[in-house]
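**Q** Here it is: the structure, laid out below.
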6 protein chains.
Amino acid sequence: MPLVDIQLIKGVFNEEQKREMIEKVTDTMVSIEGEAMRGVTWVRVQEVASGEWGIGGKPLTAEMVKAMQTGG
Amino acid sequence: MPLVDIQLIKGVFNEEQKREMIEKVTDTMVSIEGEAMRGVTWVRVQEVASGEWGIGGKPLTAEMVKAMQTGG
Amino acid sequence: MPLVDIQLIKGVFNEEQKREMIEKVTDTMVSIEGEAMRGVTWVRVQEVASGEWGIGGKPLTAEMVKAMQTGG
Amino acid sequence: MPLVDIQLIKGVFNEEQKREMIEKVTDTMVSIEGEAMRGVTWVRVQEVASGEWGIGGKPLTAEMVKAMQTGG
Amino acid sequence: MPLVDIQLIKGVFNEEQKREMIEKVTDTMVSIEGEAMRGVTWVRVQEVASGEWGIGGKPLTAEMVKAMQTGG
Amino acid sequence: MPLVDIQLIKGVFNEEQKREMIEKVTDTMVSIEGEAMRGVTWVRVQEVASGEWGIGGKPLTAEMVKAMQTGG
């Protein structure tokens, strides 16, 4: 049953990181709900286009998020 | 009012099948809610990228779903 | 994989009708995607509070939808 | 906290209009919730592919919406 | 077509404010998309339980948001 | 930016477990995206009523999920 939707801005994370999110968030959920629930734990990644996610009215781009990640 | 969101993995179903889902799921909803509700029954198809829908932590690809459909 | 979210206004449909929606929409999806997909076809019902679903800026209540259903 | 998701059909609105939606919907929300909430007000634009949004079972395309906008 | 989902924490805004959000966000959308689209512009309010919306891992309650609104 | 929505059936998990999900899933996300992103990482819990989440057309209740958790 649990369904987890991870929503990101396109272009910030690569395929490897998105796969890691699916794996690790599933493991985290299973550690709380019990191993028997693993098979029905669904985790999805959904991406919003760069520039179409606004914070305080200012559109955030993938570049801005990357700068933020490195403390830029 | 009813809004129905059909969420699929990209690359599993073709345009014809997605149109069929919109038509038939609308008809099914209308058979329960009453014909008068047809005009305000919205049915949408949304697709998640292949490999970004995990079950039990394992990313599902369009190919894996197609194999499953044919009992593979 | 397919996940179908049926979104309704609370108070319009009873338990029996919501169960019927889950069953029949699942059957409709399976008729298109193939019987092998039944076990991974998830259909959920989600309800928005009466008065919190606006069309053209006018909040729709459960009573208004019921009147619409009977052609009122 | 408030999160606002604006869902559109792809190809109807251009980049400029989508940026305008993010800005103006944020301003509208802030006018109700108070200026102190601006920094935690998130507004996103999400697009559904043309032809994958059905009204009454009929798929709506970007062209149909554009004709509707000009009263066509 | 446009569907706008306004997501809030339960207990922060009263009925009057939520109605105002539906009305004004609809007007804002119509000012960009054109008056002809008013009838197919849907705006919904959805509420998450107090304490079930985490920012940086810390659950936000309705009280915390209200304190934030008044600059508390 | 990342927004994570954890969707559960109401009545399966208690307040303590839901708080744990918010905390641990945030930590998991931050371990991949970088500590600088913690403040803009939002994790929410959303619950669907017992009996309104169908798998293969059969409505799942909180009791059924609990039996599943203990291998019942």
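Going by the structure tokens order, chains are called A, B, ..., each with residues numbered from 1, while ligands are numbered from 1 in the order shown.
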Using only C-alpha atoms, find the residues of chain D whose closest atom to chain F is at most 12 Å away, then write them as a list in words.
**A**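 That gives the following set of residues: Met1, Pro2, Leu3, Gly39, Val40, Thr41, Trp42, Val43 and Arg44 of chain D.
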**Q** Those same residues - N, CA, C and O atoms - I'd like them written as a PDB file, in the first residue's frame.
**A**
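Done, and the output landed in selection-v4.pdb:
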ATOM      1  N   MET D   1       3.976  27.068   3.458  1.00  0.00           N
ATOM      2  CA  MET D   1       3.179  25.862   3.363  1.00  0.00           C
ATOM      3  C   MET D   1       2.290  25.793   2.147  1.00  0.00           C
ATOM      4  O   MET D   1       2.327  24.809   1.461  1.00  0.00           O
ATOM      5  N   PRO D   2       1.543  26.822   1.835  1.00  0.00           N
ATOM      6  CA  PRO D   2       0.621  26.467   0.753  1.00  0.00           C
ATOM      7  C   PRO D   2       1.404  25.998  -0.465  1.00  0.00           C
ATOM      8  O   PRO D   2       2.477  26.527  -0.779  1.00  0.00           O
ATOM      9  N   LEU D   3       0.873  24.960  -1.080  1.00  0.00           N
ATOM     10  CA  LEU D   3       1.428  24.463  -2.340  1.00  0.00           C
ATOM     11  C   LEU D   3       0.292  24.538  -3.340  1.00  0.00           C
ATOM     12  O   LEU D   3      -0.798  24.030  -3.078  1.00  0.00           O
ATOM     13  N   GLY D  39       7.544  33.430   1.383  1.00  0.00           N
ATOM     14  CA  GLY D  39       8.710  32.550   1.186  1.00  0.00           C
ATOM     15  C   GLY D  39       8.408  31.064   1.203  1.00  0.00           C
ATOM     16  O   GLY D  39       9.171  30.257   0.671  1.00  0.00           O
ATOM     17  N   VAL D  40       7.292  30.684   1.843  1.00  0.00           N
ATOM     18  CA  VAL D  40       6.932  29.260   1.877  1.00  0.00           C
ATOM     19  C   VAL D  40       5.717  28.956   1.002  1.00  0.00           C
ATOM     20  O   VAL D  40       5.071  27.919   1.156  1.00  0.00           O
ATOM     21  N   THR D  41       5.417  29.867   0.092  1.00  0.00           N
ATOM     22  CA  THR D  41       4.325  29.629  -0.856  1.00  0.00           C
ATOM     23  C   THR D  41       4.930  29.100  -2.148  1.00  0.00           C
ATOM     24  O   THR D  41       5.706  29.800  -2.795  1.00  0.00           O
ATOM     25  N   TRP D  42       4.602  27.859  -2.461  1.00  0.00           N
ATOM     26  CA  TRP D  42       5.155  27.231  -3.666  1.00  0.00           C
ATOM     27  C   TRP D  42       4.040  27.106  -4.708  1.00  0.00           C
ATOM     28  O   TRP D  42       2.937  26.655  -4.393  1.00  0.00           O
ATOM     29  N   VAL D  43       4.326  27.493  -5.929  1.00  0.00           N
ATOM     30  CA  VAL D  43       3.356  27.357  -7.014  1.00  0.00           C
ATOM     31  C   VAL D  43       4.040  26.648  -8.173  1.00  0.00           C
ATOM     32  O   VAL D  43       5.098  27.089  -8.632  1.00  0.00           O
ATOM     33  N   ARG D  44       3.454  25.555  -8.609  1.00  0.00           N
ATOM     34  CA  ARG D  44       4.056  24.785  -9.699  1.00  0.00           C
ATOM     35  C   ARG D  44       3.125  24.682 -10.909  1.00  0.00           C
ATOM     36  O   ARG D  44       1.900  24.718 -10.768  1.00  0.00           O
TER      37      ARG D  44
END
**Q** Here's a check: after a least-squares fit over all in-order C-alpha atoms, write chain E in the frame of chain D, as a short mmCIF file (atom, residue, chain, number, x, y, z; two decimals) with N, CA, C and O atoms, in the first residue's frame.
**A**
data_model
loop_
_atom_site.label_atom_id
_atom_site.label_comp_id
_atom_site.auth_asym_id
_atom_site.auth_seq_id
_atom_site.Cartn_x
_atom_site.Cartn_y
_atom_site.Cartn_z
N MET E 1 3.97 27.07 3.45
CA MET E 1 3.19 25.86 3.35
C MET E 1 2.29 25.79 2.14
O MET E 1 2.36 24.76 1.47
N PRO E 2 1.55 26.83 1.82
CA PRO E 2 0.62 26.46 0.74
C PRO E 2 1.40 25.98 -0.47
O PRO E 2 2.47 26.51 -0.78
N LEU E 3 0.87 24.94 -1.08
CA LEU E 3 1.43 24.44 -2.35
C LEU E 3 0.28 24.53 -3.34
O LEU E 3 -0.81 24.03 -3.08
N VAL E 4 0.53 25.18 -4.47
CA VAL E 4 -0.50 25.31 -5.49
C VAL E 4 0.00 24.63 -6.76
O VAL E 4 1.07 24.96 -7.27
N ASP E 5 -0.78 23.67 -7.26
CA ASP E 5 -0.42 22.99 -8.51
C ASP E 5 -1.38 23.43 -9.61
O ASP E 5 -2.58 23.19 -9.53
N ILE E 6 -0.82 24.08 -10.63
CA ILE E 6 -1.60 24.54 -11.78
C ILE E 6 -1.40 23.51 -12.89
O ILE E 6 -0.28 23.31 -13.37
N GLN E 7 -2.48 22.85 -13.29
CA GLN E 7 -2.37 21.78 -14.28
C GLN E 7 -2.99 22.21 -15.61
O GLN E 7 -4.13 22.62 -15.66
N LEU E 8 -2.17 22.12 -16.67
CA LEU E 8 -2.54 22.62 -17.99
C LEU E 8 -2.37 21.54 -19.05
O LEU E 8 -1.72 20.53 -18.81
N ILE E 9 -2.90 21.81 -20.24
CA ILE E 9 -2.60 20.96 -21.39
C ILE E 9 -1.39 21.58 -22.10
O ILE E 9 -1.35 22.79 -22.33
N LYS E 10 -0.40 20.74 -22.37
CA LYS E 10 0.84 21.17 -23.02
C LYS E 10 0.54 21.83 -24.36
O LYS E 10 -0.27 21.33 -25.13
N GLY E 11 1.18 22.96 -24.64
CA GLY E 11 1.03 23.60 -25.94
C GLY E 11 -0.01 24.70 -26.00
O GLY E 11 -0.19 25.34 -27.04
N VAL E 12 -0.72 24.91 -24.89
CA VAL E 12 -1.73 25.97 -24.88
C VAL E 12 -1.12 27.30 -24.47
O VAL E 12 -1.38 28.34 -25.07
N PHE E 13 -0.29 27.26 -23.42
CA PHE E 13 0.28 28.51 -22.91
C PHE E 13 1.79 28.55 -23.17
O PHE E 13 2.45 27.50 -23.13
N ASN E 14 2.33 29.73 -23.43
CA ASN E 14 3.78 29.85 -23.65
C ASN E 14 4.52 30.09 -22.32
O ASN E 14 3.89 30.26 -21.27
N GLU E 15 5.84 30.12 -22.42
CA GLU E 15 6.67 30.28 -21.21
C GLU E 15 6.30 31.54 -20.43
O GLU E 15 6.21 31.51 -19.21
N GLU E 16 6.09 32.63 -21.18
CA GLU E 16 5.75 33.91 -20.57
C GLU E 16 4.45 33.80 -19.76
O GLU E 16 4.35 34.28 -18.63
N GLN E 17 3.44 33.14 -20.33
CA GLN E 17 2.15 33.01 -19.63
C GLN E 17 2.26 32.11 -18.40
O GLN E 17 1.63 32.36 -17.38
N LYS E 18 3.09 31.07 -18.50
CA LYS E 18 3.24 30.19 -17.35
C LYS E 18 3.98 30.90 -16.21
O LYS E 18 3.64 30.75 -15.04
N ARG E 19 4.98 31.73 -16.59
CA ARG E 19 5.68 32.51 -15.56
C ARG E 19 4.71 33.48 -14.90
O ARG E 19 4.72 33.67 -13.69
N GLU E 20 3.84 34.07 -15.72
CA GLU E 20 2.84 35.02 -15.21
C GLU E 20 1.88 34.31 -14.24
O GLU E 20 1.49 34.86 -13.22
N MET E 21 1.49 33.07 -14.57
CA MET E 21 0.61 32.32 -13.66
C MET E 21 1.28 32.09 -12.31
O MET E 21 0.67 32.28 -11.26
N ILE E 22 2.57 31.70 -12.34
CA ILE E 22 3.30 31.45 -11.09
C ILE E 22 3.34 32.74 -10.25
O ILE E 22 3.03 32.73 -9.05
N GLU E 23 3.70 33.85 -10.88
CA GLU E 23 3.79 35.13 -10.16
C GLU E 23 2.46 35.60 -9.60
O GLU E 23 2.33 35.95 -8.43
N LYS E 24 1.44 35.63 -10.48
CA LYS E 24 0.16 36.21 -10.05
C LYS E 24 -0.61 35.31 -9.08
O LYS E 24 -1.29 35.82 -8.19
N VAL E 25 -0.54 34.00 -9.28
CA VAL E 25 -1.24 33.12 -8.33
C VAL E 25 -0.55 33.21 -6.96
O VAL E 25 -1.20 33.22 -5.92
N THR E 26 0.79 33.34 -6.95
CA THR E 26 1.50 33.54 -5.68
C THR E 26 1.01 34.82 -5.01
O THR E 26 0.68 34.82 -3.81
N ASP E 27 0.95 35.91 -5.77
CA ASP E 27 0.49 37.19 -5.21
C ASP E 27 -0.93 37.08 -4.66
O ASP E 27 -1.23 37.63 -3.60
N THR E 28 -1.79 36.37 -5.38
CA THR E 28 -3.17 36.20 -4.92
C THR E 28 -3.21 35.43 -3.60
O THR E 28 -3.92 35.80 -2.66
N MET E 29 -2.43 34.34 -3.52
CA MET E 29 -2.39 33.57 -2.28
C MET E 29 -1.86 34.42 -1.13
O MET E 29 -2.42 34.44 -0.03
N VAL E 30 -0.79 35.17 -1.38
CA VAL E 30 -0.17 36.00 -0.34
C VAL E 30 -1.14 37.08 0.12
O VAL E 30 -1.18 37.43 1.31
N SER E 31 -1.99 37.59 -0.78
CA SER E 31 -2.95 38.63 -0.40
C SER E 31 -3.97 38.10 0.60
O SER E 31 -4.55 38.85 1.37
N ILE E 32 -4.18 36.77 0.61
CA ILE E 32 -5.13 36.16 1.56
C ILE E 32 -4.42 35.66 2.81
O ILE E 32 -4.88 35.85 3.93
N GLU E 33 -3.28 35.02 2.64
CA GLU E 33 -2.61 34.38 3.77
C GLU E 33 -1.68 35.32 4.55
O GLU E 33 -1.29 35.00 5.68
N GLY E 34 -1.32 36.45 3.96
CA GLY E 34 -0.41 37.38 4.63
C GLY E 34 0.99 37.33 4.03
O GLY E 34 1.48 36.27 3.65
N GLU E 35 1.62 38.51 3.96
CA GLU E 35 2.93 38.66 3.31
C GLU E 35 4.00 37.77 3.95
O GLU E 35 4.91 37.29 3.26
N ALA E 36 3.88 37.51 5.24
CA ALA E 36 4.89 36.70 5.93
C ALA E 36 4.99 35.27 5.38
O ALA E 36 5.97 34.57 5.63
N MET E 37 3.97 34.85 4.63
CA MET E 37 3.95 33.48 4.11
C MET E 37 4.56 33.39 2.70
O MET E 37 4.65 32.29 2.15
N ARG E 38 4.95 34.51 2.11
CA ARG E 38 5.44 34.47 0.73
C ARG E 38 6.56 33.44 0.50
O ARG E 38 6.51 32.64 -0.43
N GLY E 39 7.54 33.44 1.38
CA GLY E 39 8.70 32.57 1.18
C GLY E 39 8.40 31.07 1.20
O GLY E 39 9.17 30.27 0.67
N VAL E 40 7.30 30.70 1.83
CA VAL E 40 6.94 29.27 1.88
C VAL E 40 5.72 28.97 1.00
O VAL E 40 5.06 27.94 1.17
N THR E 41 5.41 29.87 0.09
CA THR E 41 4.32 29.64 -0.86
C THR E 41 4.93 29.11 -2.16
O THR E 41 5.70 29.80 -2.80
N TRP E 42 4.60 27.87 -2.45
CA TRP E 42 5.14 27.23 -3.66
C TRP E 42 4.03 27.11 -4.69
O TRP E 42 2.91 26.68 -4.37
N VAL E 43 4.32 27.50 -5.92
CA VAL E 43 3.34 27.36 -7.01
C VAL E 43 4.03 26.64 -8.17
O VAL E 43 5.10 27.07 -8.62
N ARG E 44 3.44 25.55 -8.62
CA ARG E 44 4.05 24.78 -9.70
C ARG E 44 3.11 24.68 -10.91
O ARG E 44 1.89 24.72 -10.77
N VAL E 45 3.71 24.55 -12.08
CA VAL E 45 2.94 24.31 -13.30
C VAL E 45 3.23 22.89 -13.76
O VAL E 45 4.40 22.47 -13.81
N GLN E 46 2.21 22.14 -14.04
CA GLN E 46 2.38 20.76 -14.53
C GLN E 46 1.55 20.60 -15.80
O GLN E 46 0.42 21.06 -15.86
N GLU E 47 2.12 19.95 -16.81
CA GLU E 47 1.40 19.84 -18.07
C GLU E 47 1.09 18.39 -18.46
O GLU E 47 1.94 17.51 -18.33
N VAL E 48 -0.13 18.20 -18.93
CA VAL E 48 -0.59 16.90 -19.42
C VAL E 48 -0.49 16.97 -20.94
O VAL E 48 -0.75 18.01 -21.55
N ALA E 49 -0.07 15.88 -21.58
CA ALA E 49 0.08 15.87 -23.05
C ALA E 49 -1.25 16.17 -23.73
O ALA E 49 -2.32 15.76 -23.26
N SER E 50 -1.16 16.89 -24.85
CA SER E 50 -2.34 17.20 -25.67
C SER E 50 -3.04 15.90 -26.05
O SER E 50 -2.38 14.93 -26.44
N GLY E 51 -4.35 15.84 -25.89
CA GLY E 51 -5.09 14.62 -26.23
C GLY E 51 -5.23 13.64 -25.09
O GLY E 51 -5.89 12.62 -25.21
N GLU E 52 -4.60 13.93 -23.92
CA GLU E 52 -4.68 12.98 -22.80
C GLU E 52 -5.48 13.56 -21.63
O GLU E 52 -5.36 13.12 -20.50
N TRP E 53 -6.29 14.56 -21.94
CA TRP E 53 -7.17 15.17 -20.93
C TRP E 53 -8.56 15.09 -21.54
O TRP E 53 -8.87 15.82 -22.49
N GLY E 54 -9.39 14.20 -21.04
CA GLY E 54 -10.70 14.00 -21.62
C GLY E 54 -11.80 14.69 -20.83
O GLY E 54 -11.81 14.66 -19.60
N ILE E 55 -12.72 15.32 -21.54
CA ILE E 55 -13.91 15.89 -20.91
C ILE E 55 -15.11 15.16 -21.51
O ILE E 55 -15.27 15.13 -22.73
N GLY E 56 -15.87 14.50 -20.66
CA GLY E 56 -17.01 13.71 -21.14
C GLY E 56 -16.58 12.59 -22.07
O GLY E 56 -17.35 12.14 -22.91
N GLY E 57 -15.33 12.14 -21.92
CA GLY E 57 -14.83 11.02 -22.73
C GLY E 57 -14.14 11.44 -24.02
O GLY E 57 -13.56 10.62 -24.71
N LYS E 58 -14.21 12.74 -24.34
CA LYS E 58 -13.59 13.23 -25.58
C LYS E 58 -12.26 13.88 -25.27
O LYS E 58 -12.20 14.85 -24.52
N PRO E 59 -11.17 13.36 -25.88
CA PRO E 59 -9.85 13.94 -25.61
C PRO E 59 -9.74 15.36 -26.13
O PRO E 59 -10.11 15.66 -27.26
N LEU E 60 -9.24 16.24 -25.27
CA LEU E 60 -9.08 17.65 -25.59
C LEU E 60 -7.65 17.87 -26.09
O LEU E 60 -6.70 17.43 -25.46
N THR E 61 -7.50 18.54 -27.23
CA THR E 61 -6.15 18.84 -27.70
C THR E 61 -5.86 20.32 -27.46
O THR E 61 -6.77 21.12 -27.21
N ALA E 62 -4.57 20.68 -27.56
CA ALA E 62 -4.17 22.07 -27.40
C ALA E 62 -4.91 22.96 -28.40
O ALA E 62 -5.35 24.06 -28.06
N GLU E 63 -5.10 22.45 -29.62
CA GLU E 63 -5.78 23.23 -30.66
C GLU E 63 -7.23 23.52 -30.25
O GLU E 63 -7.74 24.63 -30.45
N MET E 64 -7.91 22.52 -29.70
CA MET E 64 -9.29 22.72 -29.29
C MET E 64 -9.39 23.77 -28.18
O MET E 64 -10.30 24.58 -28.17
N VAL E 65 -8.43 23.75 -27.26
CA VAL E 65 -8.47 24.74 -26.17
C VAL E 65 -8.21 26.14 -26.73
O VAL E 65 -8.88 27.10 -26.36
N LYS E 66 -7.28 26.24 -27.68
CA LYS E 66 -6.99 27.55 -28.28
C LYS E 66 -8.19 28.10 -29.04
O LYS E 66 -8.47 29.30 -28.98
N ALA E 67 -8.91 27.22 -29.72
CA ALA E 67 -10.12 27.66 -30.42
C ALA E 67 -11.15 28.17 -29.41
O ALA E 67 -11.82 29.18 -29.61
N MET E 68 -11.25 27.43 -28.28
CA MET E 68 -12.19 27.82 -27.22
C MET E 68 -11.83 29.20 -26.65
O MET E 68 -12.70 30.03 -26.40
N GLN E 69 -10.53 29.46 -26.48
CA GLN E 69 -10.07 30.74 -25.92
C GLN E 69 -10.50 31.93 -26.76
O GLN E 69 -10.79 33.00 -26.24
N THR E 70 -10.49 31.72 -28.08
CA THR E 70 -10.83 32.83 -28.96
C THR E 70 -12.30 32.78 -29.35
O THR E 70 -12.74 33.43 -30.30
N GLY E 71 -13.05 31.96 -28.59
CA GLY E 71 -14.49 31.88 -28.84
C GLY E 71 -14.82 31.10 -30.09
O GLY E 71 -15.91 31.23 -30.65
N GLY E 72 -13.83 30.28 -30.55
CA GLY E 72 -13.98 29.53 -31.81
C GLY E 72 -14.90 28.34 -31.66
O GLY E 72 -15.23 27.92 -30.56
#
**Q** What are the DSSP helix (DSSP H, G or I) residues of chain A, as a PyMOL selection string?
**A** chain A and resi 15-33+35-40+62-69
**Q** Please, could you write that set of residues out with N, CA and C atoms as a compact mmCIF listing (two decimals), in the first residue's frame?
**A**
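Everything below was put into selection_5.txt:
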# COMPACT_ATOMS: atom_id res chain seq x y z
N GLU A 15 20.25 9.87 -13.49
CA GLU A 15 19.55 8.58 -13.41
C GLU A 15 19.98 7.80 -12.18
N GLU A 16 21.29 7.78 -11.93
CA GLU A 16 21.83 7.05 -10.79
C GLU A 16 21.26 7.57 -9.46
N GLN A 17 21.17 8.88 -9.31
CA GLN A 17 20.64 9.46 -8.07
C GLN A 17 19.14 9.17 -7.90
N LYS A 18 18.43 9.17 -9.01
CA LYS A 18 17.00 8.91 -8.93
C LYS A 18 16.75 7.44 -8.56
N ARG A 19 17.59 6.55 -9.10
CA ARG A 19 17.47 5.12 -8.75
C ARG A 19 17.77 4.95 -7.26
N GLU A 20 18.79 5.69 -6.79
CA GLU A 20 19.16 5.62 -5.37
C GLU A 20 18.01 6.10 -4.47
N MET A 21 17.33 7.16 -4.92
CA MET A 21 16.18 7.66 -4.14
C MET A 21 15.11 6.57 -4.02
N ILE A 22 14.80 5.92 -5.15
CA ILE A 22 13.76 4.87 -5.14
C ILE A 22 14.16 3.75 -4.18
N GLU A 23 15.41 3.30 -4.26
CA GLU A 23 15.89 2.20 -3.40
C GLU A 23 15.89 2.58 -1.92
N LYS A 24 16.52 3.71 -1.62
CA LYS A 24 16.70 4.08 -0.22
C LYS A 24 15.40 4.54 0.45
N VAL A 25 14.55 5.24 -0.27
CA VAL A 25 13.28 5.66 0.33
C VAL A 25 12.42 4.41 0.57
N THR A 26 12.48 3.43 -0.33
CA THR A 26 11.77 2.16 -0.10
C THR A 26 12.30 1.49 1.17
N ASP A 27 13.62 1.39 1.30
CA ASP A 27 14.21 0.78 2.50
C ASP A 27 13.79 1.51 3.77
N THR A 28 13.75 2.83 3.73
CA THR A 28 13.35 3.62 4.89
C THR A 28 11.90 3.32 5.26
N MET A 29 11.04 3.27 4.27
CA MET A 29 9.62 2.98 4.53
C MET A 29 9.47 1.58 5.12
N VAL A 30 10.17 0.61 4.54
CA VAL A 30 10.09 -0.79 4.99
C VAL A 30 10.61 -0.91 6.43
N SER A 31 11.62 -0.11 6.80
CA SER A 31 12.16 -0.17 8.16
C SER A 31 11.11 0.26 9.20
N ILE A 32 10.12 1.05 8.76
CA ILE A 32 9.06 1.49 9.68
C ILE A 32 7.82 0.59 9.59
N GLU A 33 7.45 0.22 8.38
CA GLU A 33 6.19 -0.53 8.19
C GLU A 33 6.35 -2.03 8.34
N GLU A 35 9.04 -5.54 7.01
CA GLU A 35 9.56 -6.17 5.79
C GLU A 35 8.45 -6.81 4.94
N ALA A 36 7.40 -7.29 5.59
CA ALA A 36 6.30 -7.94 4.85
C ALA A 36 5.62 -7.00 3.86
N MET A 37 5.81 -5.70 4.04
CA MET A 37 5.15 -4.73 3.18
C MET A 37 5.99 -4.34 1.95
N ARG A 38 7.20 -4.86 1.86
CA ARG A 38 8.09 -4.42 0.76
C ARG A 38 7.45 -4.55 -0.62
N GLY A 39 6.85 -5.69 -0.91
CA GLY A 39 6.30 -5.95 -2.24
C GLY A 39 5.19 -5.00 -2.66
N VAL A 40 4.51 -4.40 -1.69
CA VAL A 40 3.43 -3.47 -2.03
C VAL A 40 3.81 -2.01 -1.73
N ALA A 62 16.85 24.44 -12.72
CA ALA A 62 17.76 23.37 -12.31
C ALA A 62 19.11 23.97 -11.90
N GLU A 63 19.55 25.01 -12.61
CA GLU A 63 20.85 25.64 -12.32
C GLU A 63 20.84 26.27 -10.92
N MET A 64 19.73 26.93 -10.58
CA MET A 64 19.63 27.56 -9.27
C MET A 64 19.69 26.51 -8.16
N VAL A 65 19.02 25.37 -8.38
CA VAL A 65 19.03 24.33 -7.35
C VAL A 65 20.44 23.75 -7.21
N LYS A 66 21.14 23.56 -8.34
CA LYS A 66 22.50 23.04 -8.29
C LYS A 66 23.45 23.99 -7.54
N ALA A 67 23.25 25.28 -7.76
CA ALA A 67 24.07 26.27 -7.05
C ALA A 67 23.79 26.19 -5.54
N MET A 68 22.52 26.01 -5.21
CA MET A 68 22.12 25.89 -3.81
C MET A 68 22.76 24.65 -3.16
N GLN A 69 22.81 23.56 -3.92
CA GLN A 69 23.38 22.31 -3.40
C GLN A 69 24.84 22.44 -3.00
**Q** Assign secondary structure with DSSP using the backbone only, and return the residues of chain C in strand (DSSP E or B) as a list in words.
**A** Leu3, Val4, Asp5, Ile6, Gln7, Leu8, Ile9, Trp42, Val43, Arg44, Val45, Gln46, Glu47, Val48, Trp53, Gly54, Ile55, Lys58, Pro59 and Leu60 of chain C
